[in-house]
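Visitor: Submitted below is the structure of interest, expressed as structure tokens.
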Amino acid sequence: MFDLVADVDSYPEFVPLCEALRVTSRKRGPDRETLIATMAIGYKSIRERFTTRVTLLPDKQQILVEYLDGPFRHLENRWRFVPSGSGCDVDFYITYEFRSRMLALVMGAVFDKAFRKFASAFEGRARQLYRPPLGTICPAPTTA
């Protein structure tokens with residue numbers, strides 16, 4: 001799941017409201033990769049762009065997103081991936097506030113709804129990418 005979320009270039013294919021995403025900078029270090037990315041979002045006739053710093057921490061199984069520029073007063077989100085059984089639990093946190101009161105009135109409810117759909121969008125993407133081919137027999141769970 002870490003790799004799926006870290007693949008920000010693919011977000012326009014499945015993330016709600018994301019119309020385009022461009023990575024403008026990519027730096028690799030010994031324990032992290034840092035991206036600067038600009039996302040174009042849209043709903044009906046409203047279009048906005050915002051830029052974030054995305055820090056990928058594979059050893060810690062975390063992704064940190066910091067706001068740099070755009071229509072928000074602040075935007076922060078964090079992903080944490082915790083192994084669980086044969087998969088993992090995903091802890092997702094986001095907080096944001098629009099800079100413009102008018103934009104907040106127009107887009108606030110839409111953004112809230114879209115951010116609530118993030119989890120299902122990523123789950124759907126995981127099913128699409130990682131589903132076993134038809135006809136594959138999956139082992140039955142063991143019982144104690």
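Each chain in the structure tokens gets a letter, A, B and so on, in the order shown; residues start at 1 in every chain, and ligands are counted from 1 in the order they appear.
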Give me, as a PDB file with N, CA, C and O atoms, in the first residue's frame, all polymer residues having an atom no more than 12 Å from Ser120 (chain A), counting only C-alpha atoms and skipping those fewer than 4 positions away in the same chain.

Guide:
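Contents of result.pdb, freshly written:
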```
ATOM      1  N   PHE A  14      -7.340   8.163 -10.406  1.00  0.00           N
ATOM      2  CA  PHE A  14      -8.324   7.621  -9.472  1.00  0.00           C
ATOM      3  C   PHE A  14      -8.659   8.494  -8.257  1.00  0.00           C
ATOM      4  O   PHE A  14      -9.616   8.193  -7.550  1.00  0.00           O
ATOM      5  N   VAL A  15      -7.930   9.548  -7.978  1.00  0.00           N
ATOM      6  CA  VAL A  15      -8.185  10.366  -6.781  1.00  0.00           C
ATOM      7  C   VAL A  15      -9.294  11.376  -7.072  1.00  0.00           C
ATOM      8  O   VAL A  15      -9.232  12.098  -8.074  1.00  0.00           O
ATOM      9  N   PRO A  16     -10.311  11.441  -6.201  1.00  0.00           N
ATOM     10  CA  PRO A  16     -11.412  12.381  -6.402  1.00  0.00           C
ATOM     11  C   PRO A  16     -10.917  13.829  -6.543  1.00  0.00           C
ATOM     12  O   PRO A  16     -10.017  14.249  -5.825  1.00  0.00           O
ATOM     13  N   VAL A  90      -4.162   1.243   7.218  1.00  0.00           N
ATOM     14  CA  VAL A  90      -3.711   2.538   6.733  1.00  0.00           C
ATOM     15  C   VAL A  90      -4.317   3.609   7.629  1.00  0.00           C
ATOM     16  O   VAL A  90      -5.534   3.690   7.777  1.00  0.00           O
ATOM     17  N   PHE A  92      -4.758   7.486   7.908  1.00  0.00           N
ATOM     18  CA  PHE A  92      -4.718   8.686   7.074  1.00  0.00           C
ATOM     19  C   PHE A  92      -5.249   9.854   7.871  1.00  0.00           C
ATOM     20  O   PHE A  92      -6.322   9.774   8.467  1.00  0.00           O
ATOM     21  N   LYS A 113     -16.421  15.985   1.311  1.00  0.00           N
ATOM     22  CA  LYS A 113     -16.958  14.755   0.736  1.00  0.00           C
ATOM     23  C   LYS A 113     -15.869  13.998  -0.030  1.00  0.00           C
ATOM     24  O   LYS A 113     -15.734  12.780   0.100  1.00  0.00           O
ATOM     25  N   ALA A 114     -15.062  14.719  -0.815  1.00  0.00           N
ATOM     26  CA  ALA A 114     -14.002  14.075  -1.589  1.00  0.00           C
ATOM     27  C   ALA A 114     -12.959  13.449  -0.677  1.00  0.00           C
ATOM     28  O   ALA A 114     -12.514  12.323  -0.911  1.00  0.00           O
ATOM     29  N   PHE A 115     -12.559  14.159   0.376  1.00  0.00           N
ATOM     30  CA  PHE A 115     -11.547  13.613   1.278  1.00  0.00           C
ATOM     31  C   PHE A 115     -12.067  12.384   2.009  1.00  0.00           C
ATOM     32  O   PHE A 115     -11.318  11.464   2.294  1.00  0.00           O
ATOM     33  N   ARG A 116     -13.367  12.344   2.293  1.00  0.00           N
ATOM     34  CA  ARG A 116     -13.937  11.143   2.905  1.00  0.00           C
ATOM     35  C   ARG A 116     -13.901   9.963   1.932  1.00  0.00           C
ATOM     36  O   ARG A 116     -13.848   8.820   2.343  1.00  0.00           O
ATOM     37  N   GLY A 124     -10.022   0.979  -3.830  1.00  0.00           N
ATOM     38  CA  GLY A 124     -10.401   0.555  -5.178  1.00  0.00           C
ATOM     39  C   GLY A 124      -9.188   0.417  -6.088  1.00  0.00           C
ATOM     40  O   GLY A 124      -9.087  -0.532  -6.868  1.00  0.00           O
ATOM     41  N   ARG A 125      -8.262   1.351  -5.968  1.00  0.00           N
ATOM     42  CA  ARG A 125      -7.029   1.275  -6.764  1.00  0.00           C
ATOM     43  C   ARG A 125      -6.219   0.032  -6.387  1.00  0.00           C
ATOM     44  O   ARG A 125      -5.692  -0.660  -7.266  1.00  0.00           O
ATOM     45  N   ALA A 126      -6.146  -0.264  -5.089  1.00  0.00           N
ATOM     46  CA  ALA A 126      -5.414  -1.458  -4.635  1.00  0.00           C
ATOM     47  C   ALA A 126      -6.066  -2.718  -5.196  1.00  0.00           C
ATOM     48  O   ALA A 126      -5.372  -3.613  -5.675  1.00  0.00           O
ATOM     49  N   ARG A 127      -7.403  -2.785  -5.170  1.00  0.00           N
ATOM     50  CA  ARG A 127      -8.097  -3.957  -5.728  1.00  0.00           C
ATOM     51  C   ARG A 127      -7.808  -4.085  -7.225  1.00  0.00           C
ATOM     52  O   ARG A 127      -7.584  -5.168  -7.739  1.00  0.00           O
TER      53      ARG A 127
END
```

Visitor: Just want the 12 Å neighbourhood of Gly108 (chain A), counted on only C-alpha atoms, with same-chain residues fewer than 2 positions away dropped. Output as a ChimeraX atom specification.

Guide: /A:43,71-72,96-106,110-115

Visitor: Could you save the residues just selected, with C-alpha atoms, as a PDB file, in the first residue's frame?

Guide:
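Contents of result.pdb, freshly written:
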```
ATOM      1  CA  TYR A  43     -15.211  20.661  -9.515  1.00  0.00           C
ATOM      2  CA  PRO A  71      -5.631  28.400  -2.257  1.00  0.00           C
ATOM      3  CA  PHE A  72      -5.237  27.095   1.295  1.00  0.00           C
ATOM      4  CA  TYR A  96      -6.886  22.015   5.751  1.00  0.00           C
ATOM      5  CA  GLU A  97      -8.401  25.482   5.650  1.00  0.00           C
ATOM      6  CA  PHE A  98      -9.097  27.566   2.555  1.00  0.00           C
ATOM      7  CA  ARG A  99      -7.514  31.011   2.386  1.00  0.00           C
ATOM      8  CA  SER A 100     -10.631  32.587   0.834  1.00  0.00           C
ATOM      9  CA  ARG A 101     -13.909  32.536   2.736  1.00  0.00           C
ATOM     10  CA  MET A 102     -15.790  32.478  -0.579  1.00  0.00           C
ATOM     11  CA  LEU A 103     -13.826  29.463  -1.833  1.00  0.00           C
ATOM     12  CA  ALA A 104     -14.430  27.772   1.510  1.00  0.00           C
ATOM     13  CA  LEU A 105     -18.174  28.288   1.102  1.00  0.00           C
ATOM     14  CA  VAL A 106     -18.199  27.014  -2.469  1.00  0.00           C
ATOM     15  CA  VAL A 110     -17.207  19.239  -1.866  1.00  0.00           C
ATOM     16  CA  PHE A 111     -13.704  18.861  -0.418  1.00  0.00           C
ATOM     17  CA  ASP A 112     -15.003  17.280   2.774  1.00  0.00           C
ATOM     18  CA  LYS A 113     -16.958  14.755   0.736  1.00  0.00           C
ATOM     19  CA  ALA A 114     -14.002  14.075  -1.589  1.00  0.00           C
ATOM     20  CA  PHE A 115     -11.547  13.613   1.278  1.00  0.00           C
TER      21      PHE A 115
END
```

Visitor: Can you tell me, as a list in words, what residues are no more than 12 Å from Lys60 (chain A) when counting only C-alpha atoms, ignoring any on the same chain fewer than 2 positions away?

Guide: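 Skipping anything fewer than 2 positions along the chain leaves Phe2, Asp31, Arg32, Thr55, Leu56, Leu57, Pro58, Gln62, Ile63, Leu64, Trp79, Arg80, Phe81, Val82 and Pro83 of chain A.
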
Visitor: Return as JSON lines the residues of region 25-138 of chain A lying at most 10 Å from region 7-13 of chain A, together with the closest atom-to-atom pair for each and the distance in Å to one decimal, counting only C-alpha atoms, with rows in chain order and ascending residue number.

Guide:
```
{"residue": "A:Leu35", "atom": "CA", "partner": "A:Val8", "partner_atom": "CA", "distance": 9.4}
{"residue": "A:Ala37", "atom": "CA", "partner": "A:Val8", "partner_atom": "CA", "distance": 8.4}
{"residue": "A:Met39", "atom": "CA", "partner": "A:Pro12", "partner_atom": "CA", "distance": 8.8}
{"residue": "A:Ala40", "atom": "CA", "partner": "A:Pro12", "partner_atom": "CA", "distance": 9.0}
{"residue": "A:Ile41", "atom": "CA", "partner": "A:Pro12", "partner_atom": "CA", "distance": 9.3}
{"residue": "A:Val54", "atom": "CA", "partner": "A:Val8", "partner_atom": "CA", "distance": 9.1}
{"residue": "A:Ala121", "atom": "CA", "partner": "A:Tyr11", "partner_atom": "CA", "distance": 9.8}
{"residue": "A:Phe122", "atom": "CA", "partner": "A:Tyr11", "partner_atom": "CA", "distance": 9.5}
{"residue": "A:Arg125", "atom": "CA", "partner": "A:Glu13", "partner_atom": "CA", "distance": 9.2}
```

Visitor: Restricting the calculation to only C-alpha atoms, which member of A:Leu75, A:Met107, A:Ile94, A:Ala6 is positioned closest to Glu33 (chain A)?

Guide: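 Among the listed residues, A:Ala6 lies closest to Glu33 (chain A).
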
Visitor: In Å, rounded to a single decimal, give me how far CA of Lys44 (chain A) is from CA of Cys18 (chain A).

Guide: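 Calculated distance between CA of Cys18 (chain A) and CA of Lys44 (chain A) is 12.4 Å.
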
Visitor: Tell me, in Å to one decimal, how far CA of Tyr67 (chain A) is from CA of Phe50 (chain A).

Guide: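 So the answer is 7.9 Å.
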
Visitor: Any chance you could list, as a ChimeraX atom specification, the residues in chain A that come up strand (DSSP E or B) when DSSP is run on the backbone?

Guide: /A:18-28,33-43,46-57,62-69,72-84,87-98

Visitor: Would you export the selected residues with C-alpha atoms as a JSON list (two decimals), in the first residue's frame, please?

Guide:
```
[["chain", "number", "residue", "atom", "x", "y", "z"],
["A", 18, "CYS", "CA", -7.61, 15.47, -9.04],
["A", 19, "GLU", "CA", -7.46, 16.50, -12.69],
["A", 20, "ALA", "CA", -3.67, 16.61, -13.08],
["A", 21, "LEU", "CA", -0.51, 16.24, -11.05],
["A", 22, "ARG", "CA", 3.02, 17.27, -11.96],
["A", 23, "VAL", "CA", 6.14, 16.42, -9.98],
["A", 24, "THR", "CA", 8.52, 19.38, -10.38],
["A", 25, "SER", "CA", 11.34, 18.11, -8.16],
["A", 26, "ARG", "CA", 12.49, 14.73, -6.85],
["A", 27, "LYS", "CA", 15.39, 14.25, -4.40],
["A", 28, "ARG", "CA", 16.50, 10.90, -3.03],
["A", 33, "GLU", "CA", 12.59, 10.63, -1.10],
["A", 34, "THR", "CA", 11.23, 14.18, -1.27],
["A", 35, "LEU", "CA", 8.98, 15.39, -4.07],
["A", 36, "ILE", "CA", 7.60, 18.80, -4.89],
["A", 37, "ALA", "CA", 4.27, 18.26, -6.65],
["A", 38, "THR", "CA", 1.56, 20.53, -8.01],
["A", 39, "MET", "CA", -1.95, 19.13, -8.16],
["A", 40, "ALA", "CA", -4.74, 20.60, -10.27],
["A", 41, "ILE", "CA", -8.15, 20.07, -8.72],
["A", 42, "GLY", "CA", -11.53, 20.84, -10.17],
["A", 43, "TYR", "CA", -15.21, 20.66, -9.51],
["A", 46, "ILE", "CA", -13.95, 25.77, -10.26],
["A", 47, "ARG", "CA", -10.28, 25.00, -10.92],
["A", 48, "GLU", "CA", -7.41, 25.43, -8.46],
["A", 49, "ARG", "CA", -3.78, 24.34, -8.20],
["A", 50, "PHE", "CA", -1.72, 23.77, -5.10],
["A", 51, "THR", "CA", 1.85, 22.72, -4.44],
["A", 52, "THR", "CA", 3.06, 20.40, -1.69],
["A", 53, "ARG", "CA", 6.25, 18.80, -0.44],
["A", 54, "VAL", "CA", 5.77, 15.04, -0.24],
["A", 55, "THR", "CA", 8.23, 13.13, 1.94],
["A", 56, "LEU", "CA", 8.32, 9.38, 1.39],
["A", 57, "LEU", "CA", 9.78, 7.43, 4.34],
["A", 62, "GLN", "CA", 5.06, 6.89, 6.35],
["A", 63, "ILE", "CA", 4.25, 9.61, 3.85],
["A", 64, "LEU", "CA", 4.15, 13.23, 4.98],
["A", 65, "VAL", "CA", 2.61, 16.02, 2.90],
["A", 66, "GLU", "CA", 3.31, 19.70, 3.63],
["A", 67, "TYR", "CA", 1.58, 22.61, 1.93],
["A", 68, "LEU", "CA", 3.74, 25.10, 0.00],
["A", 69, "ASP", "CA", 1.46, 27.23, -2.18],
["A", 72, "PHE", "CA", -5.24, 27.10, 1.29],
["A", 73, "ARG", "CA", -4.27, 28.82, 4.49],
["A", 74, "HIS", "CA", -2.88, 25.44, 5.54],
["A", 75, "LEU", "CA", -2.98, 21.85, 4.34],
["A", 76, "GLU", "CA", -1.30, 18.87, 5.94],
["A", 77, "ASN", "CA", -1.79, 15.19, 5.55],
["A", 78, "ARG", "CA", -0.01, 12.09, 6.79],
["A", 79, "TRP", "CA", -0.15, 8.43, 5.84],
["A", 80, "ARG", "CA", 1.05, 5.63, 8.08],
["A", 81, "PHE", "CA", 1.03, 1.95, 7.06],
["A", 82, "VAL", "CA", 0.93, -0.66, 9.83],
["A", 83, "PRO", "CA", 1.30, -4.39, 9.07],
["A", 84, "SER", "CA", -1.81, -6.31, 10.07],
["A", 87, "GLY", "CA", -2.20, -6.95, 4.79],
["A", 88, "CYS", "CA", -1.86, -3.60, 6.48],
["A", 89, "ASP", "CA", -3.91, -0.95, 8.22],
["A", 90, "VAL", "CA", -3.71, 2.54, 6.73],
["A", 91, "ASP", "CA", -3.85, 5.53, 9.06],
["A", 92, "PHE", "CA", -4.72, 8.69, 7.07],
["A", 93, "TYR", "CA", -4.89, 12.17, 8.60],
["A", 94, "ILE", "CA", -5.71, 15.43, 6.83],
["A", 95, "THR", "CA", -6.37, 18.98, 7.96],
["A", 96, "TYR", "CA", -6.89, 22.01, 5.75],
["A", 97, "GLU", "CA", -8.40, 25.48, 5.65],
["A", 98, "PHE", "CA", -9.10, 27.57, 2.55]]
```

Visitor: Could you state the separation of CA of Met1 (chain A) and CA of Leu129 (chain A) in Å, given to one decimal place?

Guide: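 Going from CA of Met1 (chain A) over to CA of Leu129 (chain A), I get 10.5 Å.
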
Visitor: Please, which residues of region 44-140 of chain A, numbered as in this document, come out helix (DSSP H, G or I) from DSSP, as a ChimeraX atom specification?

Guide: /A:101-130
